>>> print(open('coords_26.pdb').read())   # PDB, C-alpha atoms, pLDDT in the B column
ATOM      1  CA  MET A  21       0.000   0.000   0.000  1.00 83.00           C
ATOM      2  CA  ASP A  22       2.818   2.392   0.826  1.00 87.00           C
ATOM      3  CA  GLU A  23       4.414   1.859  -2.586  1.00 89.00           C
ATOM      4  CA  LEU A  24       1.103   2.325  -4.456  1.00 86.00           C
ATOM      5  CA  SER A  25       0.351   5.409  -2.399  1.00 87.00           C
ATOM      6  CA  LYS A  26       3.699   6.963  -3.370  1.00 89.00           C
ATOM      7  CA  ILE A  27       3.434   6.014  -7.066  1.00 90.00           C
ATOM      8  CA  LEU A  28      -0.156   7.198  -7.468  1.00 90.00           C
ATOM      9  CA  GLY A  29       0.035  10.151  -5.126  1.00 92.00           C
ATOM     10  CA  ALA A  30      -3.102   8.957  -3.414  1.00 92.00           C
ATOM     11  CA  SER A  31      -3.876   8.217   0.205  1.00 92.00           C
ATOM     12  CA  LYS A  32      -3.877   4.623   1.430  1.00 91.00           C
ATOM     13  CA  GLU A  33      -7.574   5.019   2.263  1.00 91.00           C
ATOM     14  CA  ASP A  34      -8.400   6.029  -1.322  1.00 91.00           C
ATOM     15  CA  ILE A  35      -6.498   3.042  -2.680  1.00 89.00           C
ATOM     16  CA  VAL A  36      -8.296   0.641  -0.333  1.00 89.00           C
ATOM     17  CA  LEU A  37     -11.676   2.145  -1.250  1.00 89.00           C
ATOM     18  CA  SER A  38     -10.834   1.870  -4.963  1.00 89.00           C
ATOM     19  CA  MET A  39      -9.790  -1.755  -4.626  1.00 86.00           C
ATOM     20  CA  ASP A  40     -12.955  -2.559  -2.673  1.00 85.00           C
ATOM     21  CA  ALA A  41     -15.009  -1.040  -5.481  1.00 87.00           C
ATOM     22  CA  ILE A  42     -13.643  -3.497  -8.037  1.00 88.00           C
ATOM     23  CA  GLN A  43     -16.283  -6.073  -8.887  1.00 81.00           C
ATOM     24  CA  VAL A  44     -16.537  -8.692 -11.564  1.00 82.00           C
ATOM     25  CA  PRO A  45     -19.126  -7.629 -14.148  1.00 81.00           C
ATOM     26  CA  ILE A  46     -22.079  -9.903 -14.767  1.00 80.00           C
ATOM     27  CA  SER A  47     -24.056 -10.469 -17.910  1.00 82.00           C
ATOM     28  CA  LEU A  48     -27.543  -9.026 -18.248  1.00 79.00           C
ATOM     29  CA  GLN A  49     -28.542 -12.448 -19.565  1.00 80.00           C
ATOM     30  CA  GLU A  50     -27.661 -14.069 -16.230  1.00 78.00           C
ATOM     31  CA  PRO A  51     -30.639 -15.612 -14.456  1.00 79.00           C
ATOM     32  CA  VAL A  52     -31.695 -13.686 -11.375  1.00 75.00           C
ATOM     33  CA  SER A  53     -31.487 -16.910  -9.399  1.00 70.00           C
ATOM     34  CA  GLY A  54     -30.575 -20.487 -10.238  1.00 59.00           C
ATOM     35  CA  THR A  55     -29.762 -21.871 -13.666  1.00 57.00           C
ATOM     36  CA  ASN A  56     -33.213 -22.929 -14.836  1.00 57.00           C
ATOM     37  CA  VAL A  57     -34.011 -21.552 -18.326  1.00 56.00           C
ATOM     38  CA  ASP A  58     -37.459 -20.510 -17.087  1.00 66.00           C
ATOM     39  CA  ASN A  59     -35.893 -18.063 -14.627  1.00 73.00           C
ATOM     40  CA  ILE A  60     -36.039 -14.334 -15.155  1.00 78.00           C
ATOM     41  CA  ASN A  61     -32.833 -12.714 -16.411  1.00 77.00           C
ATOM     42  CA  ILE A  62     -31.303  -9.598 -14.896  1.00 76.00           C
ATOM     43  CA  GLU A  63     -32.235  -7.607 -18.019  1.00 76.00           C
ATOM     44  CA  ASP A  64     -35.889  -8.512 -17.416  1.00 74.00           C
ATOM     45  CA  GLN A  65     -35.686  -6.742 -14.057  1.00 73.00           C
ATOM     46  CA  ILE A  66     -34.381  -3.471 -15.488  1.00 76.00           C
ATOM     47  CA  SER A  67     -37.028  -1.042 -16.587  1.00 70.00           C
ATOM     48  CA  ASP A  68     -36.643   2.188 -18.499  1.00 70.00           C
ATOM     49  CA  LYS A  69     -40.049   3.874 -18.451  1.00 69.00           C
ATOM     50  CA  LYS A  70     -38.823   7.005 -20.219  1.00 70.00           C
ATOM     51  CA  ASN A  71     -37.722   5.101 -23.310  1.00 72.00           C
ATOM     52  CA  SER A  72     -40.697   2.819 -23.736  1.00 74.00           C
ATOM     53  CA  ASP A  73     -42.874   2.984 -26.841  1.00 76.00           C
ATOM     54  CA  SER A  74     -45.958   3.817 -24.794  1.00 79.00           C
ATOM     55  CA  TYR A  75     -44.184   6.694 -23.011  1.00 81.00           C
ATOM     56  CA  TRP A  76     -43.128   8.252 -26.316  1.00 83.00           C
ATOM     57  CA  ALA A  77     -46.564   7.750 -27.873  1.00 84.00           C
ATOM     58  CA  GLU A  78     -48.245   9.406 -24.872  1.00 83.00           C
ATOM     59  CA  THR A  79     -45.744  12.261 -24.874  1.00 83.00           C
ATOM     60  CA  ILE A  80     -46.261  12.943 -28.574  1.00 87.00           C
ATOM     61  CA  THR A  81     -50.037  12.823 -28.140  1.00 86.00           C
ATOM     62  CA  ILE A  82     -49.944  15.282 -25.235  1.00 85.00           C
ATOM     63  CA  ILE A  83     -47.607  17.637 -27.122  1.00 86.00           C
ATOM     64  CA  GLU A  84     -49.941  17.589 -30.107  1.00 88.00           C
ATOM     65  CA  ALA A  85     -52.924  18.247 -27.827  1.00 89.00           C
ATOM     66  CA  ILE A  86     -51.164  21.212 -26.200  1.00 89.00           C
ATOM     67  CA  LYS A  87     -50.472  22.669 -29.656  1.00 91.00           C
ATOM     68  CA  LYS A  88     -54.234  22.860 -30.192  1.00 92.00           C
ATOM     69  CA  LEU A  89     -54.811  25.078 -27.142  1.00 93.00           C
ATOM     70  CA  ASN A  90     -55.259  28.814 -27.559  1.00 93.00           C
ATOM     71  CA  ASP A  91     -52.232  31.017 -26.838  1.00 94.00           C
ATOM     72  CA  LYS A  92     -53.308  32.001 -23.315  1.00 94.00           C
ATOM     73  CA  GLU A  93     -53.970  28.360 -22.328  1.00 94.00           C
ATOM     74  CA  LYS A  94     -50.601  27.289 -23.790  1.00 94.00           C
ATOM     75  CA  MET A  95     -48.809  29.999 -21.836  1.00 95.00           C
ATOM     76  CA  ILE A  96     -50.527  29.041 -18.568  1.00 95.00           C
ATOM     77  CA  MET A  97     -49.805  25.330 -19.059  1.00 94.00           C
ATOM     78  CA  ARG A  98     -46.152  26.078 -19.873  1.00 92.00           C
ATOM     79  CA  LYS A  99     -45.719  28.287 -16.811  1.00 95.00           C
ATOM     80  CA  ARG A 100     -47.581  25.903 -14.474  1.00 94.00           C
ATOM     81  CA  TYR A 101     -46.194  22.548 -15.576  1.00 90.00           C
ATOM     82  CA  PHE A 102     -42.847  23.292 -17.204  1.00 89.00           C
ATOM     83  CA  GLU A 103     -41.696  26.297 -15.180  1.00 93.00           C
ATOM     84  CA  GLY A 104     -43.341  25.271 -11.876  1.00 94.00           C
ATOM     85  CA  ARG A 105     -45.073  28.601 -11.341  1.00 94.00           C
ATOM     86  CA  THR A 106     -48.107  29.014  -9.080  1.00 96.00           C
ATOM     87  CA  GLN A 107     -51.475  30.300 -10.233  1.00 96.00           C
ATOM     88  CA  VAL A 108     -50.965  33.432  -8.132  1.00 97.00           C
ATOM     89  CA  GLU A 109     -47.580  34.135  -9.760  1.00 96.00           C
ATOM     90  CA  ILE A 110     -49.053  33.718 -13.235  1.00 96.00           C
ATOM     91  CA  ALA A 111     -52.057  35.898 -12.384  1.00 96.00           C
ATOM     92  CA  GLU A 112     -49.821  38.713 -11.161  1.00 96.00           C
ATOM     93  CA  GLU A 113     -47.567  38.447 -14.196  1.00 95.00           C
ATOM     94  CA  ILE A 114     -50.307  38.600 -16.828  1.00 94.00           C
ATOM     95  CA  GLY A 115     -52.698  40.843 -14.937  1.00 96.00           C
ATOM     96  CA  ILE A 116     -55.684  38.594 -14.320  1.00 96.00           C
ATOM     97  CA  SER A 117     -57.110  37.058 -11.157  1.00 96.00           C
ATOM     98  CA  GLN A 118     -55.948  33.753  -9.722  1.00 96.00           C
ATOM     99  CA  ALA A 119     -59.488  32.439 -10.247  1.00 97.00           C
ATOM    100  CA  GLN A 120     -59.234  33.224 -13.962  1.00 97.00           C
ATOM    101  CA  VAL A 121     -55.895  31.402 -14.168  1.00 96.00           C
ATOM    102  CA  SER A 122     -57.481  28.443 -12.405  1.00 97.00           C
ATOM    103  CA  ARG A 123     -60.428  28.417 -14.826  1.00 96.00           C
ATOM    104  CA  LEU A 124     -58.154  28.672 -17.888  1.00 96.00           C
ATOM    105  CA  GLU A 125     -55.948  25.880 -16.553  1.00 96.00           C
ATOM    106  CA  LYS A 126     -58.956  23.604 -15.933  1.00 96.00           C
ATOM    107  CA  ASP A 127     -60.335  24.375 -19.400  1.00 94.00           C
ATOM    108  CA  ALA A 128     -56.959  23.569 -20.962  1.00 94.00           C
ATOM    109  CA  ILE A 129     -56.745  20.262 -19.091  1.00 93.00           C
ATOM    110  CA  LYS A 130     -60.281  19.344 -20.188  1.00 93.00           C
ATOM    111  CA  HIS A 131     -59.370  20.184 -23.773  1.00 89.00           C
ATOM    112  CA  ILE A 132     -56.216  18.047 -23.609  1.00 89.00           C
ATOM    113  CA  ARG A 133     -58.192  15.136 -22.130  1.00 88.00           C
ATOM    114  CA  ARG A 134     -60.775  15.332 -24.931  1.00 87.00           C
ATOM    115  CA  ILE A 135     -58.044  15.260 -27.575  1.00 80.00           C
ATOM    116  CA  TYR A 136     -55.986  12.631 -25.730  1.00 73.00           C
ATOM    117  CA  LYS A 137     -58.818  10.087 -25.514  1.00 71.00           C
TER     118      LYS A 137
END
>>> encode(input="coords_26.pdb", output="structure tokens")
Amino acid sequence: MDELSKILGASKEDIVLSMDAIQVPISLQEPVSGTNVDNINIEDQISDKKNSDSYWAETITIIEAIKKLNDKEKMIMRKRYFEGRTQVEIAEEIGISQAQVSRLEKDAIKHIRRIYK
């Protein structure tokens, strides 16, 4: 350890931690348990919801539905759901009441639902 520490310019603790981190890689086709061919493989246990076909189809559908909103509804939806703004903040910014923002947001959501279904 002393020799490695001098050569690498690293502390003994860092070298020990690095060596402890070394693990033998396993195949994603390895069964989760046992060797039976009916077992589930490791890759079957990994899920990527953001890259599934249904996720992309839903996302495209919602984007297309949002495009069909009027300009004020689009702006409110963008500020509420993509910028994380509150109804009160939006109301103050565009000069309408919070109740009006709420109504426009609800109308926009209803419109999206109608298109989405």
>>> resolve_selection(input="coords_26.pdb", expression="the PyMOL selection byres ((chain A and resi 99) around 12)", output="number ranges by chain")
A: 92-98, 100-111, 113-114, 121, 125
>>> resolve_selection(input="coords_26.pdb", expression="the PyMOL selection byres ((chain A and resi 77-87) around 8)", output="list in words")
Asp73, Ser74, Tyr75, Trp76, Lys88, Leu89, Lys94, His131, Ile132, Ile135 and Tyr136 of chain A
>>> residues_around(input="coords_26.pdb", residues="Lys32 of chain A", least_positions_apart="6", cutoff="12 Å", atoms="all atoms listed in the file", output="ChimeraX atom specification")
/A:21-26,38-39
>>> atom_distance(input="coords_26.pdb", atom1="atom CA of Ser53 of chain A", atom2="atom CA of Ile66 of chain A")
15.0 Å
